[in-house]
$ cat protein.txt   # compact mmCIF, N, CA and C atoms
# COMPACT_ATOMS: atom_id res chain seq x y z
N MET H 1 133.21 114.88 110.82
CA MET H 1 133.20 113.91 109.73
C MET H 1 133.02 114.68 108.42
N ALA H 2 133.87 114.45 107.48
CA ALA H 2 133.88 115.20 106.23
C ALA H 2 132.79 114.76 105.26
N ASN H 3 132.40 113.52 105.29
CA ASN H 3 131.39 113.02 104.35
C ASN H 3 130.14 112.60 105.09
N THR H 4 129.05 112.53 104.35
CA THR H 4 127.78 112.08 104.91
C THR H 4 127.45 110.73 104.30
N TYR H 5 127.22 109.75 105.14
CA TYR H 5 126.87 108.41 104.68
C TYR H 5 125.50 108.05 105.22
N VAL H 6 124.62 107.67 104.32
CA VAL H 6 123.25 107.38 104.71
C VAL H 6 122.77 106.12 103.98
N GLN H 7 122.05 105.29 104.70
CA GLN H 7 121.39 104.15 104.08
C GLN H 7 120.02 104.01 104.73
N ASN H 8 119.01 104.49 104.04
CA ASN H 8 117.64 104.46 104.54
C ASN H 8 116.80 103.57 103.65
N TYR H 9 116.62 102.31 104.04
CA TYR H 9 115.75 101.42 103.30
C TYR H 9 114.32 101.63 103.78
N LEU H 10 113.42 101.83 102.83
CA LEU H 10 112.02 102.06 103.17
C LEU H 10 111.11 101.21 102.30
N HIS H 11 110.07 100.71 102.91
CA HIS H 11 108.99 100.03 102.20
C HIS H 11 107.85 101.04 102.15
N ILE H 12 107.58 101.53 100.95
CA ILE H 12 106.57 102.57 100.74
C ILE H 12 105.36 101.94 100.08
N VAL H 13 104.17 102.25 100.60
CA VAL H 13 102.93 101.69 100.08
C VAL H 13 101.94 102.83 99.86
N PHE H 14 101.33 102.87 98.67
CA PHE H 14 100.24 103.81 98.45
C PHE H 14 99.21 103.20 97.52
N HIS H 15 98.01 103.75 97.59
CA HIS H 15 96.81 103.17 96.98
C HIS H 15 96.21 104.15 95.98
N THR H 16 95.49 103.60 95.02
CA THR H 16 94.74 104.47 94.12
C THR H 16 93.63 105.15 94.91
N LYS H 17 93.23 106.30 94.43
CA LYS H 17 92.16 107.03 95.10
C LYS H 17 90.86 106.24 94.97
N PRO H 18 90.11 106.11 96.06
CA PRO H 18 88.84 105.37 95.99
C PRO H 18 87.91 105.96 94.93
N LYS H 19 87.19 105.09 94.29
CA LYS H 19 86.20 105.46 93.27
C LYS H 19 86.82 106.09 92.04
N THR H 20 88.11 105.84 91.80
CA THR H 20 88.74 106.24 90.55
C THR H 20 89.22 104.99 89.83
N THR H 21 89.92 105.18 88.78
CA THR H 21 90.39 104.08 87.94
C THR H 21 91.56 103.36 88.57
N ASP H 22 91.51 102.03 88.58
CA ASP H 22 92.67 101.23 88.97
C ASP H 22 93.57 101.05 87.75
N ILE H 23 94.78 100.60 87.99
CA ILE H 23 95.72 100.34 86.90
C ILE H 23 95.35 99.01 86.26
N LEU H 24 95.32 98.98 84.95
CA LEU H 24 95.06 97.73 84.25
C LEU H 24 96.21 96.76 84.48
N ALA H 25 95.89 95.49 84.65
CA ALA H 25 96.92 94.47 84.91
C ALA H 25 97.99 94.47 83.83
N ASP H 26 97.59 94.69 82.59
CA ASP H 26 98.56 94.72 81.48
C ASP H 26 99.53 95.89 81.57
N ASP H 27 99.19 96.92 82.34
CA ASP H 27 100.04 98.11 82.47
C ASP H 27 100.92 98.09 83.72
N LEU H 28 100.71 97.14 84.61
CA LEU H 28 101.43 97.14 85.90
C LEU H 28 102.94 97.14 85.73
N ALA H 29 103.47 96.29 84.90
CA ALA H 29 104.94 96.21 84.75
C ALA H 29 105.49 97.55 84.26
N ARG H 30 104.83 98.18 83.31
CA ARG H 30 105.28 99.48 82.81
C ARG H 30 105.22 100.54 83.90
N VAL H 31 104.16 100.52 84.69
CA VAL H 31 104.03 101.49 85.79
C VAL H 31 105.16 101.28 86.79
N HIS H 32 105.44 100.04 87.14
CA HIS H 32 106.51 99.75 88.10
C HIS H 32 107.86 100.22 87.55
N GLN H 33 108.11 100.00 86.28
CA GLN H 33 109.35 100.47 85.66
C GLN H 33 109.43 102.00 85.71
N TYR H 34 108.33 102.65 85.42
CA TYR H 34 108.32 104.11 85.43
C TYR H 34 108.57 104.64 86.85
N LEU H 35 107.96 104.00 87.84
CA LEU H 35 108.20 104.40 89.23
C LEU H 35 109.68 104.30 89.56
N GLY H 36 110.32 103.24 89.08
CA GLY H 36 111.77 103.08 89.29
C GLY H 36 112.56 104.21 88.67
N GLY H 37 112.14 104.65 87.49
CA GLY H 37 112.81 105.78 86.84
C GLY H 37 112.70 107.05 87.65
N ILE H 38 111.54 107.28 88.24
CA ILE H 38 111.35 108.48 89.08
C ILE H 38 112.25 108.39 90.31
N VAL H 39 112.26 107.22 90.95
CA VAL H 39 113.10 107.01 92.13
C VAL H 39 114.56 107.34 91.79
N ARG H 40 115.04 106.79 90.68
CA ARG H 40 116.44 107.03 90.27
C ARG H 40 116.68 108.51 89.94
N SER H 41 115.71 109.16 89.33
CA SER H 41 115.88 110.58 88.97
C SER H 41 116.03 111.46 90.20
N LYS H 42 115.55 111.00 91.33
CA LYS H 42 115.65 111.75 92.58
C LYS H 42 116.84 111.29 93.42
N GLY H 43 117.66 110.40 92.86
CA GLY H 43 118.86 109.96 93.57
C GLY H 43 118.66 108.74 94.44
N GLY H 44 117.49 108.13 94.36
CA GLY H 44 117.22 106.94 95.15
C GLY H 44 117.55 105.68 94.39
N LEU H 45 117.42 104.57 95.07
CA LEU H 45 117.65 103.27 94.47
C LEU H 45 116.37 102.45 94.65
N LEU H 46 115.79 102.00 93.55
CA LEU H 46 114.64 101.10 93.63
C LEU H 46 115.17 99.69 93.72
N ILE H 47 114.79 99.00 94.78
CA ILE H 47 115.18 97.61 94.94
C ILE H 47 114.15 96.72 94.26
N ILE H 48 112.86 97.01 94.49
CA ILE H 48 111.78 96.30 93.81
C ILE H 48 110.51 97.14 93.89
N ALA H 49 109.72 97.04 92.85
CA ALA H 49 108.38 97.63 92.82
C ALA H 49 107.41 96.50 92.55
N GLY H 50 106.27 96.56 93.18
CA GLY H 50 105.26 95.54 92.97
C GLY H 50 103.92 96.04 93.46
N GLY H 51 102.99 95.14 93.55
CA GLY H 51 101.67 95.52 94.02
C GLY H 51 100.58 94.92 93.16
N MET H 52 99.44 95.52 93.27
CA MET H 52 98.25 95.05 92.57
C MET H 52 97.71 96.22 91.74
N THR H 53 96.56 96.01 91.11
CA THR H 53 96.02 97.06 90.26
C THR H 53 95.55 98.28 91.05
N ASP H 54 95.36 98.12 92.36
CA ASP H 54 94.87 99.24 93.17
C ASP H 54 95.90 99.80 94.15
N HIS H 55 97.09 99.21 94.22
CA HIS H 55 98.10 99.76 95.13
C HIS H 55 99.51 99.34 94.71
N VAL H 56 100.47 100.09 95.24
CA VAL H 56 101.88 99.91 94.88
C VAL H 56 102.70 99.69 96.15
N HIS H 57 103.70 98.81 96.03
CA HIS H 57 104.72 98.63 97.06
C HIS H 57 106.05 98.98 96.41
N LEU H 58 106.82 99.83 97.06
CA LEU H 58 108.16 100.17 96.60
C LEU H 58 109.14 99.90 97.74
N LEU H 59 110.19 99.16 97.46
CA LEU H 59 111.29 99.00 98.41
C LEU H 59 112.42 99.83 97.84
N VAL H 60 112.79 100.88 98.56
CA VAL H 60 113.76 101.85 98.04
C VAL H 60 114.83 102.15 99.08
N SER H 61 115.91 102.69 98.57
CA SER H 61 116.89 103.34 99.42
C SER H 61 116.67 104.84 99.20
N LEU H 62 116.22 105.51 100.24
CA LEU H 62 115.91 106.94 100.16
C LEU H 62 117.19 107.74 100.09
N PRO H 63 117.28 108.65 99.12
CA PRO H 63 118.51 109.47 99.03
C PRO H 63 118.60 110.45 100.20
N LYS H 64 119.81 110.88 100.49
CA LYS H 64 120.03 111.80 101.61
C LYS H 64 119.64 113.24 101.25
N THR H 65 119.31 113.48 100.00
CA THR H 65 119.11 114.85 99.52
C THR H 65 117.65 115.30 99.49
N ILE H 66 116.72 114.46 99.92
CA ILE H 66 115.30 114.80 99.82
C ILE H 66 114.56 114.20 101.01
N SER H 67 113.56 114.91 101.48
CA SER H 67 112.77 114.38 102.59
C SER H 67 111.85 113.28 102.07
N LEU H 68 111.43 112.42 102.96
CA LEU H 68 110.51 111.35 102.59
C LEU H 68 109.23 111.92 101.99
N ALA H 69 108.66 112.93 102.61
CA ALA H 69 107.41 113.51 102.12
C ALA H 69 107.57 114.05 100.70
N ASP H 70 108.66 114.75 100.43
CA ASP H 70 108.89 115.28 99.08
C ASP H 70 109.14 114.14 98.09
N PHE H 71 109.86 113.13 98.51
CA PHE H 71 110.17 111.99 97.66
C PHE H 71 108.88 111.30 97.21
N VAL H 72 107.99 111.00 98.15
CA VAL H 72 106.74 110.32 97.82
C VAL H 72 105.84 111.24 97.00
N ARG H 73 105.80 112.52 97.34
CA ARG H 73 104.97 113.46 96.59
C ARG H 73 105.37 113.50 95.13
N VAL H 74 106.67 113.56 94.86
CA VAL H 74 107.17 113.59 93.48
C VAL H 74 106.84 112.28 92.77
N ILE H 75 107.06 111.16 93.42
CA ILE H 75 106.77 109.85 92.81
C ILE H 75 105.30 109.77 92.42
N LYS H 76 104.42 110.15 93.34
CA LYS H 76 103.00 110.04 93.06
C LYS H 76 102.55 111.04 91.99
N ALA H 77 103.02 112.26 92.05
CA ALA H 77 102.60 113.28 91.08
C ALA H 77 103.09 112.95 89.67
N GLU H 78 104.37 112.62 89.56
CA GLU H 78 104.92 112.33 88.23
C GLU H 78 104.33 111.06 87.64
N SER H 79 104.15 110.03 88.46
CA SER H 79 103.59 108.78 87.94
C SER H 79 102.12 108.96 87.56
N SER H 80 101.38 109.73 88.32
CA SER H 80 99.97 109.97 88.01
C SER H 80 99.83 110.66 86.64
N ARG H 81 100.66 111.67 86.41
CA ARG H 81 100.62 112.35 85.10
C ARG H 81 100.96 111.38 83.97
N TRP H 82 101.98 110.57 84.19
CA TRP H 82 102.41 109.62 83.16
C TRP H 82 101.34 108.56 82.91
N ILE H 83 100.76 108.02 83.97
CA ILE H 83 99.71 107.00 83.82
C ILE H 83 98.56 107.54 82.99
N LYS H 84 98.16 108.77 83.24
CA LYS H 84 97.09 109.38 82.44
C LYS H 84 97.46 109.47 80.97
N SER H 85 98.74 109.63 80.67
CA SER H 85 99.17 109.75 79.28
C SER H 85 99.18 108.41 78.55
N ILE H 86 99.18 107.31 79.28
CA ILE H 86 99.16 105.98 78.65
C ILE H 86 97.89 105.80 77.82
N ASN H 87 96.77 106.19 78.45
CA ASN H 87 95.47 106.04 77.81
C ASN H 87 94.54 107.07 78.43
N ARG H 88 94.49 108.24 77.81
CA ARG H 88 93.70 109.35 78.39
C ARG H 88 92.23 108.99 78.58
N HIS H 89 91.70 108.14 77.70
CA HIS H 89 90.30 107.76 77.83
C HIS H 89 90.08 106.92 79.09
N TYR H 90 90.89 105.88 79.27
CA TYR H 90 90.71 105.00 80.41
C TYR H 90 91.20 105.63 81.71
N TYR H 91 92.39 106.25 81.68
CA TYR H 91 93.01 106.77 82.90
C TYR H 91 92.73 108.25 83.17
N GLY H 92 91.79 108.84 82.48
CA GLY H 92 91.54 110.27 82.63
C GLY H 92 91.29 110.72 84.07
N ALA H 93 90.65 109.87 84.86
CA ALA H 93 90.32 110.23 86.24
C ALA H 93 91.29 109.61 87.25
N PHE H 94 92.37 109.00 86.75
CA PHE H 94 93.28 108.30 87.66
C PHE H 94 93.90 109.26 88.67
N ALA H 95 94.03 108.77 89.92
CA ALA H 95 94.72 109.53 90.96
C ALA H 95 95.16 108.58 92.06
N TRP H 96 96.26 108.92 92.70
CA TRP H 96 96.69 108.19 93.88
C TRP H 96 96.00 108.80 95.09
N GLN H 97 95.72 107.98 96.08
CA GLN H 97 95.16 108.47 97.34
C GLN H 97 96.17 109.41 97.99
N GLU H 98 95.70 110.36 98.75
CA GLU H 98 96.58 111.38 99.33
C GLU H 98 97.65 110.81 100.25
N GLY H 99 97.30 109.89 101.10
CA GLY H 99 98.24 109.38 102.09
C GLY H 99 99.13 108.27 101.56
N TYR H 100 99.99 107.79 102.41
CA TYR H 100 100.90 106.68 102.08
C TYR H 100 101.43 106.09 103.37
N GLY H 101 102.01 104.91 103.26
CA GLY H 101 102.72 104.31 104.38
C GLY H 101 104.18 104.20 104.01
N ALA H 102 105.04 104.44 104.95
CA ALA H 102 106.48 104.29 104.73
C ALA H 102 107.06 103.65 105.99
N PHE H 103 107.69 102.50 105.80
CA PHE H 103 108.13 101.69 106.92
C PHE H 103 109.62 101.40 106.76
N SER H 104 110.39 101.65 107.81
CA SER H 104 111.83 101.41 107.75
C SER H 104 112.09 99.90 107.69
N VAL H 105 113.15 99.56 106.97
CA VAL H 105 113.49 98.16 106.77
C VAL H 105 114.98 97.99 107.07
N SER H 106 115.29 97.03 107.90
CA SER H 106 116.68 96.71 108.21
C SER H 106 117.31 95.98 107.02
N ALA H 107 118.58 96.24 106.79
CA ALA H 107 119.30 95.57 105.70
C ALA H 107 119.21 94.05 105.85
N SER H 108 119.14 93.56 107.06
CA SER H 108 119.13 92.12 107.29
C SER H 108 117.84 91.44 106.80
N VAL H 109 116.76 92.20 106.64
CA VAL H 109 115.50 91.61 106.19
C VAL H 109 115.11 92.03 104.78
N LEU H 110 116.01 92.70 104.07
CA LEU H 110 115.71 93.11 102.69
C LEU H 110 115.24 91.94 101.83
N PRO H 111 115.92 90.79 101.86
CA PRO H 111 115.46 89.67 101.01
C PRO H 111 114.02 89.24 101.32
N LYS H 112 113.65 89.27 102.59
CA LYS H 112 112.29 88.89 102.98
C LYS H 112 111.27 89.89 102.43
N VAL H 113 111.59 91.17 102.48
CA VAL H 113 110.68 92.20 101.96
C VAL H 113 110.59 92.11 100.44
N VAL H 114 111.71 91.84 99.79
CA VAL H 114 111.70 91.65 98.32
C VAL H 114 110.75 90.52 97.95
N GLU H 115 110.85 89.40 98.65
CA GLU H 115 109.96 88.27 98.37
C GLU H 115 108.50 88.62 98.64
N TYR H 116 108.27 89.34 99.71
CA TYR H 116 106.91 89.76 100.05
C TYR H 116 106.32 90.59 98.90
N ILE H 117 107.07 91.55 98.41
CA ILE H 117 106.59 92.40 97.32
C ILE H 117 106.45 91.59 96.03
N ARG H 118 107.40 90.73 95.77
CA ARG H 118 107.35 89.89 94.55
C ARG H 118 106.12 88.98 94.54
N ASN H 119 105.64 88.58 95.71
CA ASN H 119 104.53 87.63 95.80
C ASN H 119 103.19 88.29 96.13
N GLN H 120 103.00 89.51 95.71
CA GLN H 120 101.75 90.21 96.00
C GLN H 120 100.53 89.49 95.43
N GLN H 121 100.63 88.94 94.24
CA GLN H 121 99.49 88.25 93.63
C GLN H 121 98.99 87.12 94.55
N GLU H 122 99.91 86.32 95.04
CA GLU H 122 99.54 85.21 95.93
C GLU H 122 99.03 85.72 97.26
N HIS H 123 99.71 86.72 97.79
CA HIS H 123 99.35 87.27 99.09
C HIS H 123 97.91 87.79 99.09
N HIS H 124 97.53 88.46 98.01
CA HIS H 124 96.19 89.07 97.99
C HIS H 124 95.08 88.11 97.58
N LYS H 125 95.43 86.87 97.39
CA LYS H 125 94.37 85.86 97.23
C LYS H 125 93.72 85.56 98.57
N VAL H 126 94.44 85.84 99.67
CA VAL H 126 93.93 85.52 101.01
C VAL H 126 93.79 86.74 101.92
N MET H 127 94.24 87.91 101.46
CA MET H 127 94.19 89.10 102.32
C MET H 127 93.88 90.34 101.49
N THR H 128 92.98 91.17 102.00
CA THR H 128 92.66 92.42 101.31
C THR H 128 93.76 93.45 101.56
N PHE H 129 93.78 94.49 100.75
CA PHE H 129 94.75 95.55 100.95
C PHE H 129 94.59 96.17 102.33
N ILE H 130 93.37 96.45 102.72
CA ILE H 130 93.14 97.13 104.01
C ILE H 130 93.63 96.28 105.17
N ASP H 131 93.42 94.97 105.10
CA ASP H 131 93.93 94.08 106.16
C ASP H 131 95.45 94.05 106.15
N GLU H 132 96.03 94.04 104.96
CA GLU H 132 97.49 94.07 104.83
C GLU H 132 98.05 95.36 105.45
N TYR H 133 97.42 96.47 105.12
CA TYR H 133 97.88 97.77 105.61
C TYR H 133 97.77 97.86 107.13
N LYS H 134 96.67 97.35 107.67
CA LYS H 134 96.50 97.33 109.13
C LYS H 134 97.61 96.51 109.80
N GLU H 135 97.98 95.40 109.16
CA GLU H 135 99.07 94.58 109.72
C GLU H 135 100.37 95.36 109.79
N PHE H 136 100.68 96.13 108.73
CA PHE H 136 101.88 96.97 108.74
C PHE H 136 101.81 97.97 109.89
N LEU H 137 100.69 98.66 109.99
CA LEU H 137 100.55 99.69 111.02
C LEU H 137 100.69 99.10 112.42
N LYS H 138 100.08 97.96 112.64
CA LYS H 138 100.18 97.30 113.95
C LYS H 138 101.60 96.84 114.22
N ALA H 139 102.24 96.24 113.21
CA ALA H 139 103.60 95.73 113.39
C ALA H 139 104.59 96.85 113.75
N TYR H 140 104.34 98.04 113.22
CA TYR H 140 105.23 99.17 113.48
C TYR H 140 104.74 100.04 114.65
N GLY H 141 103.67 99.61 115.32
CA GLY H 141 103.17 100.34 116.48
C GLY H 141 102.61 101.71 116.14
N ILE H 142 102.00 101.83 114.97
CA ILE H 142 101.46 103.11 114.52
C ILE H 142 99.97 103.16 114.82
N ASP H 143 99.56 104.16 115.59
CA ASP H 143 98.13 104.38 115.86
C ASP H 143 97.48 104.89 114.59
N TYR H 144 96.26 104.46 114.33
CA TYR H 144 95.55 104.89 113.14
C TYR H 144 94.06 105.02 113.42
N ASP H 145 93.40 105.76 112.59
CA ASP H 145 91.97 105.97 112.68
C ASP H 145 91.33 105.19 111.53
N GLU H 146 90.46 104.26 111.87
CA GLU H 146 89.81 103.39 110.87
C GLU H 146 89.13 104.20 109.76
N ARG H 147 88.65 105.40 110.08
CA ARG H 147 87.93 106.20 109.08
C ARG H 147 88.85 106.61 107.92
N PHE H 148 90.15 106.65 108.16
CA PHE H 148 91.07 107.13 107.13
C PHE H 148 91.82 106.01 106.42
N LEU H 149 91.39 104.78 106.65
CA LEU H 149 92.01 103.66 105.95
C LEU H 149 91.19 103.38 104.72

$ encode --input "protein.txt" --output "structure tokens"
Amino acid sequence: MANTYVQNYLHIVFHTKPKTTDILADDLARVHQYLGGIVRSKGGLLIIAGGMTDHVHLLVSLPKTISLADFVRVIKAESSRWIKSINRHYYGAFAWQEGYGAFSVSASVLPKVVEYIRNQQEHHKVMTFIDEYKEFLKAYGIDYDERFL
């Protein structure tokens, strides 16, 4: 085959580092836009970004030219530097938690995942981030250690 064709839809989730600064609600939209810019700069496609002040959900199409680990590392590193530049006084200690979740998504359920990410505010009125994350891990059959959640 002369060409390479790839379509990797992923739902990526990562959290702010515990005991550091969360993102101010007024800055969330700007942060999500900036995350989209990083995704595009690496050849990916951002379908939607969302989340809360303490965590981010990204639905992306992962480019064929970069590994998932490198893709997430770049997104987190570049966004962390940029967030600190928004307000050095408030965000001086800002950091993303080291780990992340990345879950494959079938094209047939993309609209459902988009709605899920779009409705994070409502969703988190009844569920904590940790409970949400555990549900993802269980749904995908991923073993985890409670100490690292």

$ atom_distance --input "protein.txt" --atom1 "CA of Gly51 in chain H" --atom2 "CA of Asn119 in chain H"
8.6 Å

$ residues_around --input "protein.txt" --residues "His11 in chain H" --least-positions-apart "6" --cutoff "6 Å" --atoms "all atoms listed in the file" --output "PDB file with N, CA and C atoms, in the coordinates of the input"
ATOM      1  N   LEU H  58     106.820  99.830  97.060  1.00  0.00           N
ATOM      2  CA  LEU H  58     108.160 100.170  96.600  1.00  0.00           C
ATOM      3  C   LEU H  58     109.140  99.900  97.740  1.00  0.00           C
ATOM      4  N   LEU H  59     110.190  99.160  97.460  1.00  0.00           N
ATOM      5  CA  LEU H  59     111.290  99.000  98.410  1.00  0.00           C
ATOM      6  C   LEU H  59     112.420  99.830  97.840  1.00  0.00           C
ATOM      7  N   VAL H  60     112.790 100.880  98.560  1.00  0.00           N
ATOM      8  CA  VAL H  60     113.760 101.850  98.040  1.00  0.00           C
ATOM      9  C   VAL H  60     114.830 102.150  99.080  1.00  0.00           C
ATOM     10  N   GLY H 101     102.010 104.910 103.260  1.00  0.00           N
ATOM     11  CA  GLY H 101     102.720 104.310 104.380  1.00  0.00           C
ATOM     12  C   GLY H 101     104.180 104.200 104.010  1.00  0.00           C
ATOM     13  N   ALA H 102     105.040 104.440 104.950  1.00  0.00           N
ATOM     14  CA  ALA H 102     106.480 104.290 104.730  1.00  0.00           C
ATOM     15  C   ALA H 102     107.060 103.650 105.990  1.00  0.00           C
ATOM     16  N   PHE H 103     107.690 102.500 105.800  1.00  0.00           N
ATOM     17  CA  PHE H 103     108.130 101.690 106.920  1.00  0.00           C
ATOM     18  C   PHE H 103     109.620 101.400 106.760  1.00  0.00           C
ATOM     19  N   SER H 104     110.390 101.650 107.810  1.00  0.00           N
ATOM     20  CA  SER H 104     111.830 101.410 107.750  1.00  0.00           C
ATOM     21  C   SER H 104     112.090  99.900 107.690  1.00  0.00           C
ATOM     22  N   VAL H 105     113.150  99.560 106.970  1.00  0.00           N
ATOM     23  CA  VAL H 105     113.490  98.160 106.770  1.00  0.00           C
ATOM     24  C   VAL H 105     114.980  97.990 107.070  1.00  0.00           C
TER      25      VAL H 105
END

$ atom_distance --input "protein.txt" --atom1 "CA of Glu132 in chain H" --atom2 "CA of Leu46 in chain H"
21.7 Å

$ select_by_dssp --input "protein.txt" --residues "chain H" --states "alpha helix (DSSP H)" --output "PyMOL selection string"
chain H and resi 28-41+68-86+88-91+110-118+120-123+129-139

$ residues_around --input "protein.txt" --residues "Gly50 in chain H" --least-positions-apart "3" --cutoff "6.5 Å" --atoms "all atoms listed in the file" --output "JSON, numbers by chain"
{"H": [32, 55, 56, 57, 58, 59, 117, 118]}

$ write_last_selection --input "protein.txt" --atoms "N, CA and C atoms" --output "PDB file, in the frame of the given file"
ATOM      1  N   HIS H  32     105.440 100.040  87.140  1.00  0.00           N
ATOM      2  CA  HIS H  32     106.510  99.750  88.100  1.00  0.00           C
ATOM      3  C   HIS H  32     107.860 100.220  87.550  1.00  0.00           C
ATOM      4  N   HIS H  55      97.090  99.210  94.220  1.00  0.00           N
ATOM      5  CA  HIS H  55      98.100  99.760  95.130  1.00  0.00           C
ATOM      6  C   HIS H  55      99.510  99.340  94.710  1.00  0.00           C
ATOM      7  N   VAL H  56     100.470 100.090  95.240  1.00  0.00           N
ATOM      8  CA  VAL H  56     101.880  99.910  94.880  1.00  0.00           C
ATOM      9  C   VAL H  56     102.700  99.690  96.150  1.00  0.00           C
ATOM     10  N   HIS H  57     103.700  98.810  96.030  1.00  0.00           N
ATOM     11  CA  HIS H  57     104.720  98.630  97.060  1.00  0.00           C
ATOM     12  C   HIS H  57     106.050  98.980  96.410  1.00  0.00           C
ATOM     13  N   LEU H  58     106.820  99.830  97.060  1.00  0.00           N
ATOM     14  CA  LEU H  58     108.160 100.170  96.600  1.00  0.00           C
ATOM     15  C   LEU H  58     109.140  99.900  97.740  1.00  0.00           C
ATOM     16  N   LEU H  59     110.190  99.160  97.460  1.00  0.00           N
ATOM     17  CA  LEU H  59     111.290  99.000  98.410  1.00  0.00           C
ATOM     18  C   LEU H  59     112.420  99.830  97.840  1.00  0.00           C
ATOM     19  N   ILE H 117     107.070  91.550  98.410  1.00  0.00           N
ATOM     20  CA  ILE H 117     106.590  92.400  97.320  1.00  0.00           C
ATOM     21  C   ILE H 117     106.450  91.590  96.030  1.00  0.00           C
ATOM     22  N   ARG H 118     107.400  90.730  95.770  1.00  0.00           N
ATOM     23  CA  ARG H 118     107.350  89.890  94.550  1.00  0.00           C
ATOM     24  C   ARG H 118     106.120  88.980  94.540  1.00  0.00           C
TER      25      ARG H 118
END

$ residues_around --input "protein.txt" --residues "range 87-98 of chain H" --least-positions-apart "4" --cutoff "6 Å" --atoms "all atoms listed in the file" --output "list of chain:residue names"
H:His15, H:Thr16, H:Lys17, H:Pro18, H:Thr20, H:Thr21, H:Ile83

$ write_last_selection --input "protein.txt" --atoms "N, CA and C atoms" --output "PDB file, keeping the file's coordinate frame"
ATOM      1  N   HIS H  15      98.010 103.750  97.590  1.00  0.00           N
ATOM      2  CA  HIS H  15      96.810 103.170  96.980  1.00  0.00           C
ATOM      3  C   HIS H  15      96.210 104.150  95.980  1.00  0.00           C
ATOM      4  N   THR H  16      95.490 103.600  95.020  1.00  0.00           N
ATOM      5  CA  THR H  16      94.740 104.470  94.120  1.00  0.00           C
ATOM      6  C   THR H  16      93.630 105.150  94.910  1.00  0.00           C
ATOM      7  N   LYS H  17      93.230 106.300  94.430  1.00  0.00           N
ATOM      8  CA  LYS H  17      92.160 107.030  95.100  1.00  0.00           C
ATOM      9  C   LYS H  17      90.860 106.240  94.970  1.00  0.00           C
ATOM     10  N   PRO H  18      90.110 106.110  96.060  1.00  0.00           N
ATOM     11  CA  PRO H  18      88.840 105.370  95.990  1.00  0.00           C
ATOM     12  C   PRO H  18      87.910 105.960  94.930  1.00  0.00           C
ATOM     13  N   THR H  20      88.110 105.840  91.800  1.00  0.00           N
ATOM     14  CA  THR H  20      88.740 106.240  90.550  1.00  0.00           C
ATOM     15  C   THR H  20      89.220 104.990  89.830  1.00  0.00           C
ATOM     16  N   THR H  21      89.920 105.180  88.780  1.00  0.00           N
ATOM     17  CA  THR H  21      90.390 104.080  87.940  1.00  0.00           C
ATOM     18  C   THR H  21      91.560 103.360  88.570  1.00  0.00           C
ATOM     19  N   ILE H  83     100.760 108.020  83.970  1.00  0.00           N
ATOM     20  CA  ILE H  83      99.710 107.000  83.820  1.00  0.00           C
ATOM     21  C   ILE H  83      98.560 107.540  82.990  1.00  0.00           C
TER      22      ILE H  83
END

$ atom_distance --input "protein.txt" --atom1 "CA of Asp70 in chain H" --atom2 "CA of Val13 in chain H"
14.9 Å

$ select_by_dssp --input "protein.txt" --residues "range 23-129 of chain H" --states "strand (DSSP E or B)" --output "list in words"
Leu45, Leu46, Ile47, Ile48, Ala49, Gly50, Gly51, Met52, His55, Val56, His57, Leu58, Leu59, Val60, Ser61, Leu62, Trp96, Gly101, Ala102, Phe103 and Ser104 of chain H

$ closest_residue --input "protein.txt" --among "H:Ile47, H:Met52, H:Ala139, H:Ala2" --to "His123 in chain H" --atoms "only C-alpha atoms"
H:Met52

$ closest_residue --input "protein.txt" --among "H:Asp26, H:Lys42, H:Ile130, H:Gln7" --to "Ile66 in chain H" --atoms "only N, CA and C atoms"
H:Lys42

$ closest_residue --input "protein.txt" --among "H:His124, H:Lys134, H:Arg40, H:Lys64" --to "Leu149 in chain H" --atoms "only C-alpha atoms"
H:Lys134
